[in-house]
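Everything on this sheet refers to the single structure shown next.
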Amino acid sequence: MGQFKVIVVGAGPVGLILAIALQKSGIDFVVVEQRKHAAPPTAFGIFLWPHILRIFHQLGLYEDMQSIGLVMTELLNRSSTGEQLEISNGFELLEFAHGYPTMLFDRKSFAEVLLKHLKGSDQLVKTSKRVTNISTRKDGVTVDFADGTSEDGSIVVGADGVWSTVRDFMREKAPPGLFSEDSNPFSAPYQGLFFRVPRPESLKPGQTVYVHQPHRQLMALVTDTEAHMTTYERIPNVSERTNFSPNNVSDEDIKYWFDVPVNEQVTFKDLWDNKTIGGMVNHDEGVIPWWHWDRLVLVGDSVHKVECSVMSPFRGAGGCCGIEGAISLVNKLNRVLSSNPDPSRQDLSGAFTAYQAEREPAARLWVNVSRIDIDLYTSKAGPASKAATFADGRAIPIAANSPVLDILPFPDEKEGVVPWKRHPKADGQSKGVKARL
Ligand SMILES: Cc1cc2nc3c(=O)[nH]c(=O)nc-3n(C[C@H](O)[C@H](O)[C@H](O)COP(=O)(O)OP(=O)(O)OC[C@H]3O[C@@H](n4cnc5c(N)ncnc54)[C@H](O)[C@@H]3O)c2cc1C
C-alpha cells in the first residue's frame with residue numbers, strides 16, 4: 001500500500017470538518033458524497049455551542065463563521081396560552097463560561113464556508129458518489145460507487161449520517177450479533193415538525209422562543225431573515241427510518257398546533273401557512289455499541305444520535321457531538337501515523353478503540369442530558385424549566401472537556417470562567433507530522 005489515505009463517506013457537517021482536520025494534519029483523504037451538491041439548502045439551521053466555535057477558531061474558520069452565523073441572545077419561555085413564563089439569559093451565561101458565543105447557521109452557507117477552507121475541495125470532495133460496496137484487504141480498502149467508479153484507500157470513515165451505509169457494511173463483515181440487525185439501531189421517543197418561514201417582524205433576530213404544552217413543545221430559532229421552527233411531541237418509542245428532508249404533512253394531522261400563540265402577534269398557523277420548506281421527522285436517539293470494524297470506523301450521526309438537538313440554550317448537541325468526535329478521531333490517527341506511516345490493521349484497531357473509548361462516554365452523556373432536559377420541558381404538569389436548567393448544567397463540563405486538534409498550535413484561543421481542559425499537545429507536532437505538512 002502507498003501513502004496512507006482516508007476515504008470519508010459523507011459531506012455533512014461532520015464529514016467536512018473531519019476533512020479540514022485531516023488536511024491540517026497532512027493526512028491524504030478524499031470525501032465522497034451521494035448528493036449532487038455538497039452544500040444543499042436544508043430545512044433547518046444548525047445551532048452550535050461555544051466549544052465548537054473554539055474548534056473553528058483553531059482550524060482558522062472562526063472569522064468566516066462569524067460573518068455567516070447569528071449569535072443567539074435571549075430565550076423566551078411561553079405557556080400554550082401565550083403567557084410569558086420566563087426569559088433566560090442562558091446563552092450569555094454560556095459565553096461567560098466558555099469565552100465563545102453560541103451561534104445559529106444556515107446549513108448551506110455553513111457548508112460553503114467549510115468548502116472554502118478545504119484547499120482543493122473541487123477535487124477532494126467528489127459528489128454524486130453513492131457508496132454501493134466496500135471491500136477490505138489486509139493492506140487497504142476499495143469503495144465502489146453507483147456510477148461504476150471506485151476509490152482505493154487505507155481506511156473508510158463513515159460520516160454518512162443516521163442511515164449509514166458504512167455501518168451496514170460493518171455489520172456484514174463483523175461476527176453475527178455484534179451489530180443490531182434492525183434497519184434502525186436507534187429509537188425515537190419524540191416526533192416533530194421542522195420548517196422555515198420568513199421572519200415576522202414581531203420575532204427578534206437571535207431570539208429563541210419555546211412554547212410549552214403537556215407532552216409537546218414548540219421552538220422558534222430566529223435569524224435576521226427567518227424563523228426556524230421545530231416541534232417535539234412524545235410518542236411511544238419507535239425504531240423506524242424517517243428522513244430529515246422536506247416531506248408532506250397534512251394540516252389535519254397537526255391542527256392541534258394551529259391556534260397556539262408563538263407570541264402576541266403570531267400563531268403557529270400563521271407561520272406554518274407561510275413556510276418555505278418543512279416536514280416531519282422522528283427524533284431518534286441512542287449510541288451504538290461498536291464504532292469500528294476492520295478498516296472501517298464511524299463518526300457523527302452514524303454512531304450516535306442525540307435526539308433533542310436544540311431544546312434549550314444548553315443544547316444543539318447532535319452536530320456538536322459529531323464534530324467533537326471528528327477531531328478526536330483525527331487526533332488518534334495522527335498519533336498512530338506518527339509511530340508508523342503505514343499502520344497495520346492491528347495498529348488501526350488500537351487507534352479506533354482509543355477513539356471510541358474517549359468519545360463514547362461523552363456521547364452517552366449528551367444523549368442522556370438531552371433526554372432528561374426534554375422530558376422535563378414537556379412534562380405533563382408543565383415545563384419544569386428550573387429543573388431542566390439544572391440538567392443543562394451537566395453539559396458545561398462536557399463542553400469544557402471538548403477535544404481540540406492535538407497537533408495545531410492555538411495561541412490566541414479565548415477562554416471564559418470555566419477553563420478548557422484540553423489544549424494542543426506541546427509535543428503534538430512530532431517529526432512524522434512535520435514531515436507530512
Ligand atoms: C430537525 C433537526 C434539527 C437539528 N438541529 C441541530 C442543531 O441545531 N445543532 C446540532 O448540533 N445538531 C442539530 N441536528 C442534528 C444534526 O443535524 C446532525 O447531528 C448532523 O447533521 C450530523 O452530521 P453528520 O455529518 O454526521 O450527518 P449528516 O448531516 O446526515 O450527513 C451525512 C452525509 O452523508 C451522505 N451519505 C449518506 N449515505 C451515503 C452513501 N451511501 N454514499 C455517499 N454519501 C452518503 C448524505 O447525503 C449526507 O450528506 C438537528 C437534526 C434535526 C433532524
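Each chain of the C-alpha cells is named A, B, ... in the order shown, its residues numbered from 1; ligands are numbered from 1 in display order.
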
Can you tell me which residues sit at most 6 Å away from ligand 1, counting only C-alpha atoms and all ligand atoms, written as an MDAnalysis selection string? chainID A and resid 9:15 32:35 44:48 129:131 159:162 164:165 194 244 300:301 309:310 316:320 322

Any chance you could export the current selection's N, CA and C atoms as a compact mmCIF listing (two decimals), in the first residue's frame?
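Result went into out.txt, see below:
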# COMPACT_ATOMS: atom_id res chain seq x y z
N VAL A 9 -16.78 9.01 3.85
CA VAL A 9 -18.08 8.89 3.18
C VAL A 9 -19.05 9.86 3.85
N GLY A 10 -19.53 10.85 3.09
CA GLY A 10 -20.50 11.82 3.62
C GLY A 10 -19.89 13.21 3.77
N ALA A 11 -20.51 14.19 3.09
CA ALA A 11 -20.04 15.59 3.17
C ALA A 11 -21.02 16.42 3.99
N GLY A 12 -21.54 15.84 5.08
CA GLY A 12 -22.35 16.61 6.03
C GLY A 12 -21.40 17.45 6.88
N PRO A 13 -21.92 18.12 7.91
CA PRO A 13 -21.04 18.95 8.74
C PRO A 13 -19.87 18.16 9.32
N VAL A 14 -20.13 16.94 9.75
CA VAL A 14 -19.07 16.17 10.41
C VAL A 14 -18.01 15.72 9.40
N GLY A 15 -18.45 15.24 8.24
CA GLY A 15 -17.50 14.79 7.21
C GLY A 15 -16.60 15.92 6.74
N VAL A 32 -16.40 11.50 -0.27
CA VAL A 32 -17.35 11.11 -1.31
C VAL A 32 -18.77 11.32 -0.78
N GLU A 33 -19.61 11.90 -1.62
CA GLU A 33 -20.94 12.32 -1.18
C GLU A 33 -21.95 11.91 -2.24
N GLN A 34 -23.07 11.33 -1.78
CA GLN A 34 -24.06 10.84 -2.75
C GLN A 34 -24.85 11.97 -3.43
N ARG A 35 -24.99 13.11 -2.73
CA ARG A 35 -25.80 14.18 -3.32
C ARG A 35 -25.02 14.88 -4.44
N PHE A 44 -33.51 23.15 8.00
CA PHE A 44 -33.28 23.63 9.35
C PHE A 44 -31.86 24.15 9.47
N GLY A 45 -31.68 25.15 10.32
CA GLY A 45 -30.34 25.66 10.56
C GLY A 45 -29.58 24.73 11.48
N ILE A 46 -28.33 25.08 11.74
CA ILE A 46 -27.56 24.30 12.71
C ILE A 46 -27.05 25.25 13.78
N PHE A 47 -27.27 24.86 14.99
CA PHE A 47 -27.03 25.70 16.16
C PHE A 47 -25.85 25.07 16.87
N LEU A 48 -24.77 25.83 17.06
CA LEU A 48 -23.56 25.20 17.60
C LEU A 48 -23.06 25.91 18.85
N LYS A 129 -21.57 10.48 -5.68
CA LYS A 129 -20.86 9.20 -5.45
C LYS A 129 -21.59 8.45 -4.34
N ARG A 130 -22.55 7.64 -4.74
CA ARG A 130 -23.27 6.85 -3.74
C ARG A 130 -22.56 5.52 -3.53
N VAL A 131 -22.18 5.25 -2.31
CA VAL A 131 -21.45 4.01 -2.00
C VAL A 131 -22.36 2.80 -2.20
N ALA A 159 -19.02 8.95 7.72
CA ALA A 159 -19.65 10.17 8.24
C ALA A 159 -20.94 10.34 7.44
N ASP A 160 -21.62 9.20 7.25
CA ASP A 160 -22.74 9.19 6.30
C ASP A 160 -24.10 9.17 6.99
N GLY A 161 -24.14 9.76 8.19
CA GLY A 161 -25.44 10.07 8.78
C GLY A 161 -26.16 8.89 9.40
N VAL A 162 -27.37 9.20 9.84
CA VAL A 162 -28.12 8.26 10.68
C VAL A 162 -28.41 6.93 9.98
N SER A 164 -26.52 5.15 7.94
CA SER A 164 -25.19 4.92 7.39
C SER A 164 -25.05 3.63 6.59
N THR A 165 -24.56 3.77 5.37
CA THR A 165 -24.24 2.60 4.54
C THR A 165 -22.97 1.94 5.04
N PHE A 194 -40.46 20.23 11.42
CA PHE A 194 -39.44 21.26 11.28
C PHE A 194 -39.79 22.06 10.04
N PHE A 244 -34.74 13.31 7.58
CA PHE A 244 -34.79 14.75 7.82
C PHE A 244 -34.70 15.43 6.46
N GLY A 300 -20.02 10.83 13.92
CA GLY A 300 -21.23 11.64 13.72
C GLY A 300 -22.50 10.84 13.92
N ASP A 301 -23.55 11.24 13.20
CA ASP A 301 -24.87 10.61 13.40
C ASP A 301 -24.88 9.12 13.07
N SER A 309 -32.12 17.93 19.75
CA SER A 309 -30.87 18.59 19.46
C SER A 309 -30.79 20.04 19.91
N VAL A 310 -31.87 20.74 20.00
CA VAL A 310 -31.74 22.16 20.29
C VAL A 310 -32.78 22.62 21.31
N GLY A 316 -28.18 21.65 21.23
CA GLY A 316 -27.54 21.80 19.92
C GLY A 316 -26.54 20.67 19.78
N ALA A 317 -26.89 19.54 20.38
CA ALA A 317 -25.85 18.56 20.68
C ALA A 317 -25.52 17.59 19.54
N GLY A 318 -26.45 17.35 18.61
CA GLY A 318 -26.21 16.32 17.59
C GLY A 318 -24.96 16.61 16.78
N GLY A 319 -24.96 17.76 16.14
CA GLY A 319 -23.81 18.14 15.32
C GLY A 319 -22.57 18.36 16.17
N CYS A 320 -22.76 19.00 17.34
CA CYS A 320 -21.61 19.29 18.21
C CYS A 320 -20.89 18.00 18.59
N GLY A 322 -20.87 15.17 17.08
CA GLY A 322 -20.20 14.59 15.91
C GLY A 322 -18.91 15.31 15.57

Just list as a PyMOL selection string whatever in region 92-337 of chain A DSSP marks as strand (DSSP E or B). chain A and resi 103-105+125-126+131-136+141-145+150-153+155-158+187-198+208-213+216-222+226-238+261+267+277-287+292-293+296-298+304-305

Shell of 7 Å around Ala188 (chain A), only C-alpha atoms, local chain residues under 5 positions omitted, as a list in words: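 Final neighbour list, sorted by chain and number: Asn237, Val238, Ser239, Asn282, His283, Asp284 and Glu285 of chain A.
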
Could you please write out, as JSON, numbers by chain, every residue of region 86-240 of chain A that DSSP assigns to helix (DSSP H, G or I)? {"A": [90, 91, 92, 93, 94, 95, 96, 97, 98, 107, 108, 109, 110, 111, 112, 113, 114, 115, 116, 117, 121, 122, 123, 124, 165, 166, 167, 168, 169, 170, 171, 172, 173]}

How many Å separate CA of Trp163 (chain A) from CA of Asn184 (chain A)?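 Distance between the two atoms: 7.4 Å.
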
For a quick check of understanding, using only C-alpha atoms, which of A:Ile288, A:Leu94, A:Val260, A:Val297 has the smallest distance to Ala351 (chain A)?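 Under the stated criterion, the closest residue is A:Val297.
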
One number please: CA of Thr378 (chain A) to CA of Gly90 (chain A), in Å, one decimal.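 Here the two named atoms are 18.8 Å from each other.
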
Pick from A:Ala357, A:Ser80, A:Glu415, A:Asp342 nearest to Gly432 (chain A), counting only C-alpha atoms: A:Asp342

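Comparing the minimum interatomic distances between Thr102 (chain A) and each of A:Thr127, A:Asn77, A:Thr42, A:Gln207, counting only C-alpha atoms, we find that A:Gln207 sits nearest.
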
With only C-alpha atoms as the counted atoms, please give the residues lying no more than 12 Å from Ala354 (chain A), apart from itself and same-chain residues fewer than 3 positions off, as a PyMOL selection string. chain A and resi 291-292+297+325+328-333+335-336+347-351+357-360

Export of the given selection (C-alpha atoms) as a CSV table (one decimal), in the first residue's frame:
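The resulting file, result27.csv, is reproduced below:
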chain,number,residue,atom,x,y,z
A,291,TRP,CA,-17.9,2.1,16.4
A,292,HIS,CA,-15.4,0.3,14.2
A,297,VAL,CA,-14.9,3.5,11.5
A,325,GLY,CA,-15.8,13.0,17.5
A,328,SER,CA,-10.9,13.1,18.4
A,329,LEU,CA,-10.6,10.6,15.6
A,330,VAL,CA,-8.0,12.7,13.7
A,331,ASN,CA,-6.0,13.0,16.9
A,332,LYS,CA,-5.9,9.2,17.2
A,333,LEU,CA,-4.9,8.9,13.5
A,335,ARG,CA,-0.8,9.5,16.9
A,336,VAL,CA,-0.8,6.1,15.1
A,347,ASP,CA,-2.5,-0.6,14.8
A,348,LEU,CA,-5.6,1.0,13.3
A,349,SER,CA,-7.8,-1.1,15.5
A,350,GLY,CA,-5.9,0.3,18.5
A,351,ALA,CA,-6.4,3.9,17.3
A,357,ALA,CA,-13.1,4.9,24.5
A,358,GLU,CA,-12.7,8.7,24.5
A,359,ARG,CA,-15.9,9.6,22.8
A,360,GLU,CA,-18.5,7.0,23.8

Exercise: Leu115 (chain A) partners within 9 Å, only C-alpha atoms, chain neighbours under 6 positions left out, as a list in words: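 Within the cut-off, the hits are Leu16, Ile20, Ala38, Ala39, Ser121, Asp122 and Val125 of chain A.
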
Written file, previous selection with N, CA and C atoms, as an mmCIF file, in the first residue's frame:
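Saved to result.cif:
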data_model
loop_
_atom_site.group_PDB
_atom_site.id
_atom_site.type_symbol
_atom_site.label_atom_id
_atom_site.label_comp_id
_atom_site.auth_asym_id
_atom_site.auth_seq_id
_atom_site.Cartn_x
_atom_site.Cartn_y
_atom_site.Cartn_z
ATOM 1 N N LEU A 16 -17.178 17.111 6.542
ATOM 2 C CA LEU A 16 -16.374 18.233 6.029
ATOM 3 C C LEU A 16 -15.395 18.744 7.085
ATOM 4 N N ILE A 20 -11.249 18.873 6.941
ATOM 5 C CA ILE A 20 -10.380 20.022 7.215
ATOM 6 C C ILE A 20 -9.314 19.635 8.247
ATOM 7 N N ALA A 38 -22.435 19.455 -2.393
ATOM 8 C CA ALA A 38 -22.016 19.268 -1.000
ATOM 9 C C ALA A 38 -22.654 20.319 -0.086
ATOM 10 N N ALA A 39 -23.230 21.373 -0.677
ATOM 11 C CA ALA A 39 -23.841 22.417 0.164
ATOM 12 C C ALA A 39 -25.289 22.647 -0.264
ATOM 13 N N SER A 121 -10.965 21.690 -2.671
ATOM 14 C CA SER A 121 -12.211 20.949 -2.401
ATOM 15 C C SER A 121 -12.897 20.485 -3.685
ATOM 16 N N ASP A 122 -12.686 21.202 -4.810
ATOM 17 C CA ASP A 122 -13.348 20.764 -6.046
ATOM 18 C C ASP A 122 -12.822 19.396 -6.501
ATOM 19 N N VAL A 125 -13.546 16.764 -2.796
ATOM 20 C CA VAL A 125 -14.919 16.399 -2.407
ATOM 21 C C VAL A 125 -15.641 15.980 -3.678
#

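Between Ser79 (chain A) and the candidates A:Pro214, A:Pro289, A:Gly416, A:Pro41, the tightest atom-to-atom separation, counting only C-alpha atoms, involves A:Pro214.
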
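With CA of Gly148 (chain A) on one side and CA of Ala21 (chain A) on the other, the separation reads 29.2 Å.
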
Set the distance at 10 Å and use only C-alpha atoms: which residues neighbour Arg216 (chain A) once local chain neighbours fewer than 5 positions away are removed? I'd like the list as number ranges by chain. A: 80, 190-192, 211, 231-235, 257, 374-375, 377-380, 382-383

Using only C-alpha atoms, the residue out of A:Ser154, A:Pro343, A:Arg436, A:Phe105 with shortest distance to Ala227 (chain A) is A:Phe105

Spatial neighbours of Met65 (chain A), max dist 10 Å, only C-alpha atoms, sep filter under 4 positions, as an MDAnalysis selection string: chainID A and resid 53 56:57 60:61 69:70 103:105 109:110 113:114

Next, dump the selected residues to file, keeping only C-alpha atoms, as a PDB file, in the first residue's frame.
ATOM      1  CA  LEU A  53     -16.637  27.723  17.755  1.00  0.00           C
ATOM      2  CA  PHE A  56     -13.440  26.576  14.340  1.00  0.00           C
ATOM      3  CA  HIS A  57     -11.103  29.221  15.752  1.00  0.00           C
ATOM      4  CA  GLY A  60      -8.948  29.089  11.064  1.00  0.00           C
ATOM      5  CA  LEU A  61     -12.693  29.171  10.286  1.00  0.00           C
ATOM      6  CA  GLY A  69     -23.692  32.973  11.836  1.00  0.00           C
ATOM      7  CA  LEU A  70     -26.050  34.655  14.208  1.00  0.00           C
ATOM      8  CA  MET A 103     -24.386  30.581  17.068  1.00  0.00           C
ATOM      9  CA  LEU A 104     -27.031  29.581  14.580  1.00  0.00           C
ATOM     10  CA  PHE A 105     -26.034  28.905  10.952  1.00  0.00           C
ATOM     11  CA  SER A 109     -23.760  28.898   3.985  1.00  0.00           C
ATOM     12  CA  PHE A 110     -22.118  26.809   6.691  1.00  0.00           C
ATOM     13  CA  VAL A 113     -17.515  28.175   4.412  1.00  0.00           C
ATOM     14  CA  LEU A 114     -16.209  24.668   5.145  1.00  0.00           C
TER      15      LEU A 114
END
